[in-house]
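Trainee: Have a peek at entry-v8.csv (CSV, C-alpha atoms).
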```csv
chain,number,residue,atom,x,y,z
V,1,ASP,CA,14.6,13.0,26.6
V,2,THR,CA,15.7,14.6,23.4
V,3,GLY,CA,14.3,12.0,21.0
V,4,VAL,CA,11.3,12.3,18.6
V,5,SER,CA,8.2,12.9,20.6
V,6,GLN,CA,4.7,12.0,19.4
V,7,ASP,CA,1.3,12.8,21.0
V,8,PRO,CA,-1.1,11.2,21.7
V,9,ARG,CA,0.3,7.7,22.0
V,10,HIS,CA,-3.1,6.2,21.7
V,11,LYS,CA,-6.3,7.5,20.2
V,12,ILE,CA,-9.6,5.7,19.9
V,13,THR,CA,-12.3,7.4,17.9
V,14,LYS,CA,-15.5,6.7,16.1
V,15,ARG,CA,-15.8,6.5,12.4
V,16,GLY,CA,-16.4,9.9,10.9
V,17,GLN,CA,-14.6,11.9,13.5
V,18,ASN,CA,-11.5,14.0,12.9
V,19,VAL,CA,-8.2,13.3,14.7
V,20,THR,CA,-4.9,15.1,14.9
V,21,PHE,CA,-1.5,13.8,15.8
V,22,ARG,CA,1.5,15.9,16.8
V,23,CYS,CA,5.2,15.2,16.3
V,24,ASP,CA,8.1,17.1,17.9
V,25,PRO,CA,11.3,16.1,16.0
V,26,ILE,CA,14.8,16.1,17.5
V,27,SER,CA,15.8,19.7,18.0
V,28,GLU,CA,17.4,21.3,14.9
V,29,HIS,CA,16.4,18.4,12.7
V,30,ASN,CA,15.3,20.0,9.5
V,31,ARG,CA,13.8,16.9,7.8
V,32,LEU,CA,10.6,15.3,9.1
V,33,TYR,CA,8.7,12.3,7.8
V,34,TRP,CA,5.4,10.7,8.5
V,35,TYR,CA,4.8,7.0,8.1
V,36,ARG,CA,1.9,4.6,8.7
V,37,GLN,CA,2.3,1.0,9.8
V,38,THR,CA,-0.5,-1.5,9.8
V,39,LEU,CA,-0.4,-5.0,11.4
V,40,GLY,CA,2.1,-7.3,9.7
V,41,GLN,CA,3.5,-4.7,7.4
V,42,GLY,CA,6.5,-2.4,7.5
V,43,PRO,CA,6.2,1.4,7.8
V,44,GLU,CA,4.8,3.0,4.7
V,45,PHE,CA,5.9,6.5,3.7
V,46,LEU,CA,3.2,9.2,3.8
V,47,THR,CA,4.9,12.6,3.5
V,48,TYR,CA,8.1,14.5,3.9
V,49,PHE,CA,9.0,18.0,5.1
V,50,GLN,CA,12.2,19.9,4.7
V,51,ASN,CA,11.9,22.8,7.2
V,52,GLU,CA,8.3,24.0,6.7
V,53,ALA,CA,8.0,22.9,3.1
V,54,GLN,CA,6.1,19.7,2.3
V,55,LEU,CA,8.2,18.3,-0.5
V,56,GLU,CA,6.7,14.9,-1.1
V,57,LYS,CA,3.4,13.2,-0.6
V,58,SER,CA,2.6,9.5,-1.1
V,59,ARG,CA,-0.4,8.4,-3.0
V,60,LEU,CA,-1.5,6.8,0.3
V,61,LEU,CA,-2.1,10.3,1.6
V,62,SER,CA,-5.7,10.8,0.5
V,63,ASP,CA,-7.5,14.1,0.5
V,64,ARG,CA,-8.8,13.3,4.0
V,65,PHE,CA,-5.2,13.5,5.3
V,66,SER,CA,-3.3,16.8,5.8
V,67,ALA,CA,0.0,17.4,7.3
V,68,GLU,CA,1.6,20.7,8.3
V,69,ARG,CA,4.9,21.9,9.7
V,70,PRO,CA,4.2,25.6,10.1
V,71,LYS,CA,7.4,26.9,11.6
V,72,GLY,CA,9.7,24.1,10.5
V,73,SER,CA,9.7,22.6,14.0
V,74,PHE,CA,6.8,20.5,15.2
V,75,SER,CA,4.4,18.9,12.7
V,76,THR,CA,0.7,17.8,12.8
V,77,LEU,CA,-1.0,15.1,10.8
V,78,GLU,CA,-4.8,15.5,10.7
V,79,ILE,CA,-7.2,12.8,9.4
V,80,GLN,CA,-10.7,14.0,8.6
V,81,ARG,CA,-13.8,11.8,8.5
V,82,THR,CA,-11.9,8.8,9.8
V,83,GLU,CA,-12.6,5.3,8.4
V,84,GLN,CA,-11.9,1.9,10.0
V,85,GLY,CA,-9.2,1.4,7.4
V,86,ASP,CA,-7.3,4.3,8.9
V,87,SER,CA,-6.6,2.3,12.0
V,88,ALA,CA,-2.8,2.0,12.2
V,89,MET,CA,0.3,3.2,14.0
V,90,TYR,CA,1.3,6.6,12.7
V,91,LEU,CA,5.1,7.1,13.0
V,92,CYS,CA,7.1,10.3,12.8
V,93,ALA,CA,10.8,10.4,12.0
V,94,SER,CA,13.3,13.2,11.7
V,95,SER,CA,16.9,13.7,10.5
V,96,LEU,CA,19.4,16.5,10.1
V,97,GLY,CA,20.0,16.7,6.4
V,98,VAL,CA,21.4,13.6,4.8
V,99,SER,CA,22.6,11.2,7.5
V,100,PRO,CA,25.9,9.5,6.7
V,101,THR,CA,24.3,6.2,7.7
V,102,GLY,CA,20.9,7.0,6.0
V,103,GLU,CA,19.3,6.8,9.4
V,104,LEU,CA,16.0,8.3,10.3
V,105,PHE,CA,15.2,8.8,14.0
V,106,PHE,CA,11.7,7.5,14.8
V,107,GLY,CA,9.3,8.4,17.6
V,108,GLU,CA,7.3,5.8,19.5
V,109,GLY,CA,4.3,6.4,17.3
V,110,SER,CA,0.6,7.3,17.7
V,111,ARG,CA,-1.7,4.3,17.6
V,112,LEU,CA,-5.1,5.1,16.0
V,113,THR,CA,-8.2,2.8,16.5
V,114,VAL,CA,-11.3,3.7,14.5
V,115,LEU,CA,-14.4,2.0,15.8
L,1,ASP,CA,5.0,-2.7,-6.1
L,2,GLN,CA,7.0,-4.0,-3.2
L,3,GLN,CA,10.5,-2.6,-3.7
L,4,VAL,CA,11.9,-4.1,-0.5
L,5,LYS,CA,10.9,-7.6,0.5
L,6,GLN,CA,11.4,-9.8,3.5
L,7,ASN,CA,10.0,-13.1,2.6
L,8,SER,CA,10.3,-14.8,6.0
L,9,PRO,CA,7.7,-13.5,8.4
L,10,SER,CA,9.3,-15.2,11.4
L,11,LEU,CA,12.5,-16.9,12.5
L,12,SER,CA,13.3,-18.8,15.7
L,13,VAL,CA,16.8,-19.6,16.9
L,14,GLN,CA,18.4,-20.9,20.0
L,15,GLU,CA,20.4,-18.5,22.2
L,16,GLY,CA,24.0,-18.4,21.3
L,17,ARG,CA,23.4,-19.5,17.7
L,18,ILE,CA,23.5,-17.4,14.6
L,19,SER,CA,20.4,-15.5,13.4
L,20,ILE,CA,20.3,-14.7,9.6
L,21,LEU,CA,17.6,-12.4,8.4
L,22,ASN,CA,17.2,-11.8,4.7
L,23,CYS,CA,16.0,-9.0,2.5
L,24,ASP,CA,15.6,-8.6,-1.3
L,25,TYR,CA,15.1,-5.4,-3.3
L,26,THR,CA,14.3,-4.5,-6.8
L,27,ASN,CA,15.5,-1.0,-7.3
L,28,SER,CA,19.2,-0.9,-8.3
L,29,MET,CA,19.4,2.8,-7.5
L,30,PHE,CA,19.1,2.4,-3.8
L,31,ASP,CA,22.1,4.1,-2.1
L,32,TYR,CA,21.8,2.9,1.5
L,33,PHE,CA,20.4,-0.2,3.1
L,34,LEU,CA,19.4,-0.2,6.8
L,35,TRP,CA,18.2,-2.6,9.4
L,36,TYR,CA,15.8,-1.4,12.1
L,37,LYS,CA,14.7,-3.3,15.2
L,38,LYS,CA,11.2,-2.8,16.7
L,39,TYR,CA,9.8,-3.9,20.0
L,40,PRO,CA,6.0,-3.9,20.6
L,41,ALA,CA,4.5,-0.4,21.3
L,42,GLU,CA,7.8,1.3,20.4
L,43,GLY,CA,9.1,3.0,17.3
L,44,PRO,CA,11.7,1.4,15.1
L,45,THR,CA,15.3,1.9,16.3
L,46,PHE,CA,18.3,1.9,14.0
L,47,LEU,CA,20.6,-1.0,14.1
L,48,ILE,CA,23.1,-1.0,11.3
L,49,SER,CA,23.4,0.2,7.7
L,50,ILE,CA,25.5,-0.3,4.6
L,51,SER,CA,26.3,1.9,1.7
L,52,SER,CA,25.7,0.4,-1.8
L,53,ILE,CA,29.5,0.8,-2.5
L,54,LYS,CA,30.3,-1.7,0.2
L,55,ASP,CA,29.6,-5.4,0.6
L,56,LYS,CA,30.0,-5.8,4.3
L,57,ASN,CA,29.6,-3.7,7.5
L,58,GLU,CA,30.1,-5.0,11.0
L,59,ASP,CA,29.2,-3.6,14.4
L,60,GLY,CA,29.7,-5.8,17.3
L,61,ARG,CA,27.4,-8.8,17.1
L,62,PHE,CA,25.7,-7.5,14.0
L,63,THR,CA,27.0,-7.8,10.4
L,64,VAL,CA,25.2,-6.8,7.3
L,65,PHE,CA,26.2,-8.3,3.9
L,66,LEU,CA,25.2,-6.8,0.6
L,67,ASN,CA,25.1,-8.7,-2.7
L,68,LYS,CA,24.3,-6.1,-5.4
L,69,SER,CA,24.3,-8.5,-8.3
L,70,ALA,CA,21.6,-10.6,-6.5
L,71,LYS,CA,19.9,-7.5,-5.1
L,72,HIS,CA,20.0,-9.2,-1.7
L,73,LEU,CA,21.2,-8.3,1.8
L,74,SER,CA,21.3,-10.2,5.0
L,75,LEU,CA,21.7,-9.4,8.7
L,76,HIS,CA,23.8,-11.8,10.8
L,77,ILE,CA,23.5,-11.7,14.6
L,78,VAL,CA,26.2,-13.7,16.4
L,79,PRO,CA,25.7,-14.9,19.1
L,80,SER,CA,22.0,-14.4,19.3
L,81,GLN,CA,20.6,-13.3,22.7
L,82,PRO,CA,17.0,-13.4,24.1
L,83,GLY,CA,17.0,-9.6,24.1
L,84,ASP,CA,17.4,-9.7,20.4
L,85,SER,CA,13.8,-11.0,20.1
L,86,ALA,CA,11.9,-8.3,18.1
L,87,VAL,CA,10.7,-7.4,14.7
L,88,TYR,CA,13.5,-6.6,12.2
L,89,PHE,CA,12.8,-4.3,9.3
L,90,CYS,CA,15.0,-4.0,6.2
L,91,ALA,CA,14.9,-0.6,4.6
L,92,ALA,CA,16.4,1.2,1.6
L,93,SER,CA,16.9,4.8,0.6
L,94,ASP,CA,17.5,6.4,-2.8
L,95,TYR,CA,19.2,9.7,-2.3
L,96,GLY,CA,19.5,10.3,-6.0
L,97,SER,CA,15.8,10.5,-6.4
L,98,GLY,CA,15.0,14.0,-5.1
L,99,ASN,CA,17.3,13.5,-2.2
L,100,THR,CA,14.4,13.2,0.2
L,101,GLY,CA,16.2,10.6,2.4
L,102,LYS,CA,12.9,8.7,2.8
L,103,LEU,CA,13.2,5.0,3.6
L,104,ILE,CA,11.3,2.2,1.9
L,105,PHE,CA,10.7,-0.7,4.3
L,106,GLY,CA,10.2,-4.4,4.0
L,107,GLN,CA,7.4,-6.2,5.7
L,108,GLY,CA,9.5,-7.3,8.7
L,109,THR,CA,10.7,-10.5,10.2
L,110,THR,CA,9.9,-11.5,13.7
L,111,LEU,CA,12.9,-13.0,15.4
L,112,GLN,CA,12.5,-15.1,18.5
L,113,VAL,CA,15.6,-16.2,20.4
L,114,LYS,CA,14.9,-19.0,22.7
L,115,PRO,CA,16.9,-19.3,26.0
```
What would you get if you wrote out this structure as structure tokens?
Mentor:
Amino acid sequence: DTGVSQDPRHKITKRGQNVTFRCDPISEHNRLYWYRQTLGQGPEFLTYFQNEAQLEKSRLLSDRFSAERPKGSFSTLEIQRTEQGDSAMYLCASSLGVSPTGELFFGEGSRLTVL
Amino acid sequence: DQQVKQNSPSLSVQEGRISILNCDYTNSMFDYFLWYKKYPAEGPTFLISISSIKDKNEDGRFTVFLNKSAKHLSLHIVPSQPGDSAVYFCAASDYGSGNTGKLIFGQGTTLQVKP
């Protein structure tokens, strides 16, 4: 399978713990995006990387959130001191430059439950 | 501010009939409009898109119509099949604004196609 891969698929944690999600984009895709989706809502943009550079961050990305893409390949999203409001599906997407259709390729997501 | 809106949370149609999903937007600078389909526990998958310079794009059973003056687009599925039952997200991108390629999503419409 050469699609976008996310790990873990599910994570249950207690409030106050730190969690980290990993995203492996489609090979050679230079653009990588993180989104968050809560129940009944569409995906909300969190942050965007072009190669290893983080070029845009949403105001939704509080200081407890940090994302990296150290070598321009895989990316990690860390949430420190989790809160119950962080419970959501975290989606990763990638693209190779500007797609002629505007399409981003999404992974299956990492579902976070904070107890 | 919700730049992309899907005002119908759900839609139910009979197999073989037409499904029409609607989407409104506020930003006249959007370049591309896309529709994604999402099954439970899976990531969104790209369905069809349309450039802002066109008013119609067709791909098999799926047709997207764009009315720029009304800032409205719609997705027509003809004929509808039970396998089309999913959540449909409308999304828009603005390549002129920093060229990030990020997508802004609506809240989604749950389509149920009854056999």
Trainee: Kindly provide the residues of chain V that approach chain L to within 9 Å, each paired with its closest atom pair and their distance in Å to one decimal, based on all atoms listed in the file, listed by chain and increasing number, as JSON lines.
Mentor:
```
{"residue": "V:Arg31", "atom": "CA", "partner": "L:Thr100", "partner_atom": "CA", "distance": 8.5}
{"residue": "V:Tyr33", "atom": "CA", "partner": "L:Lys102", "partner_atom": "CA", "distance": 7.5}
{"residue": "V:Gly40", "atom": "CA", "partner": "L:Gln107", "partner_atom": "CA", "distance": 6.7}
{"residue": "V:Gln41", "atom": "CA", "partner": "L:Gln107", "partner_atom": "CA", "distance": 4.5}
{"residue": "V:Gly42", "atom": "CA", "partner": "L:Gln107", "partner_atom": "CA", "distance": 4.3}
{"residue": "V:Pro43", "atom": "CA", "partner": "L:Phe105", "partner_atom": "CA", "distance": 6.1}
{"residue": "V:Glu44", "atom": "CA", "partner": "L:Phe105", "partner_atom": "CA", "distance": 7.0}
{"residue": "V:Phe45", "atom": "CA", "partner": "L:Ile104", "partner_atom": "CA", "distance": 7.1}
{"residue": "V:Thr47", "atom": "CA", "partner": "L:Lys102", "partner_atom": "CA", "distance": 8.9}
{"residue": "V:Tyr48", "atom": "CA", "partner": "L:Thr100", "partner_atom": "CA", "distance": 7.4}
{"residue": "V:Phe49", "atom": "CA", "partner": "L:Thr100", "partner_atom": "CA", "distance": 8.7}
{"residue": "V:Gln50", "atom": "CA", "partner": "L:Thr100", "partner_atom": "CA", "distance": 8.4}
{"residue": "V:Leu55", "atom": "CA", "partner": "L:Thr100", "partner_atom": "CA", "distance": 8.1}
{"residue": "V:Glu56", "atom": "CA", "partner": "L:Thr100", "partner_atom": "CA", "distance": 8.0}
{"residue": "V:Leu91", "atom": "CA", "partner": "L:Gly43", "partner_atom": "CA", "distance": 7.2}
{"residue": "V:Cys92", "atom": "CA", "partner": "L:Gly43", "partner_atom": "CA", "distance": 8.8}
{"residue": "V:Ser95", "atom": "CA", "partner": "L:Gly101", "partner_atom": "CA", "distance": 8.7}
{"residue": "V:Gly97", "atom": "CA", "partner": "L:Gly101", "partner_atom": "CA", "distance": 8.2}
{"residue": "V:Val98", "atom": "CA", "partner": "L:Gly101", "partner_atom": "CA", "distance": 6.5}
{"residue": "V:Ser99", "atom": "CA", "partner": "L:Gly101", "partner_atom": "CA", "distance": 8.2}
{"residue": "V:Thr101", "atom": "CA", "partner": "L:Ser49", "partner_atom": "CA", "distance": 6.1}
{"residue": "V:Gly102", "atom": "CA", "partner": "L:Tyr32", "partner_atom": "CA", "distance": 6.2}
{"residue": "V:Glu103", "atom": "CA", "partner": "L:Phe46", "partner_atom": "CA", "distance": 6.8}
{"residue": "V:Leu104", "atom": "CA", "partner": "L:Phe46", "partner_atom": "CA", "distance": 7.7}
{"residue": "V:Phe105", "atom": "CA", "partner": "L:Thr45", "partner_atom": "CA", "distance": 7.3}
{"residue": "V:Phe106", "atom": "CA", "partner": "L:Gly43", "partner_atom": "CA", "distance": 5.8}
{"residue": "V:Gly107", "atom": "CA", "partner": "L:Gly43", "partner_atom": "CA", "distance": 5.4}
{"residue": "V:Glu108", "atom": "CA", "partner": "L:Gly43", "partner_atom": "CA", "distance": 4.0}
{"residue": "V:Gly109", "atom": "CA", "partner": "L:Gly43", "partner_atom": "CA", "distance": 5.9}
{"residue": "V:Arg111", "atom": "CA", "partner": "L:Ala41", "partner_atom": "CA", "distance": 8.6}
```
Trainee: V:Leu115, V:Leu77, V:Leu39, V:Ile26: which is nearest V:Ser5, counting only C-alpha atoms?
Mentor: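 Of the candidates, the smallest distance to V:Ser5 is held by V:Ile26.
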Trainee: Enter the distance from atom CA of L:Lys54 to atom CA of L:Lys68, in Å, rounded to one decimal.
Mentor: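 A separation of 9.3 Å between them.
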Trainee: Using all atoms listed in the file, which of V:Arg59, V:Lys71, V:Arg9, V:Lys14 sits nearest V:Gly85?
Mentor: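 Answer, going by the shortest atom-to-atom distance: V:Lys14.
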Trainee: Could you please determine the separation between atom CA of L:Ser19 and atom CA of V:Thr38 in Å, to one decimal place?
Mentor: 25.4 Å
Trainee: V:Arg15: which residues within 6 Å, counting only C-alpha atoms, same-chain residues fewer than 5 positions away excluded, as a ChimeraX atom specification?
Mentor: /V:82-83,114-115
Trainee: Using only C-alpha atoms, can you tell me which of L:Asn27, L:Ser85, L:Asn57, L:Gln14 comes closest to L:Asp1?
Mentor: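 So, comparing all the options, the nearest one is L:Asn27.
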Trainee: Rank nothing, just name the residue among L:Met29, L:Ala86, L:Val64, L:Cys23 nearest to L:Gln112, using all atoms listed in the file.
Mentor: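 Among L:Met29, L:Ala86, L:Val64, L:Cys23, it is L:Ala86 that comes nearest to L:Gln112.
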Trainee: Could you work out how far atom CA of L:Lys114 lies from atom CA of L:His76, giving the answer in Å with one decimal?
Mentor: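 Taking atom CA of L:His76 as the start and atom CA of L:Lys114 as the end point, the length is 16.5 Å.
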Trainee: Within 9 Å of (10.8, -21.4, 14.9), in the coordinates the file gives, what residues turn up when you count all atoms listed in the file, written out as a list in words?
Mentor: Ser10, Leu11, Ser12, Val13, Leu111, Gln112 and Val113 of chain L
Trainee: Could you tell me which of L:Arg61, L:Ser8, L:Ser69, L:Gln2 comes closest to L:Ser28 if we count all atoms listed in the file?
Mentor: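 Going through L:Arg61, L:Ser8, L:Ser69, L:Gln2 one by one, the smallest distance to L:Ser28 is for L:Ser69.
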Trainee: Taking into account only C-alpha atoms, which residue in the set V:Pro70, V:Thr13, V:Val19, V:Arg36 is nearest to V:Gln84?
Mentor: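 Smallest distance to V:Gln84 is found for V:Thr13.
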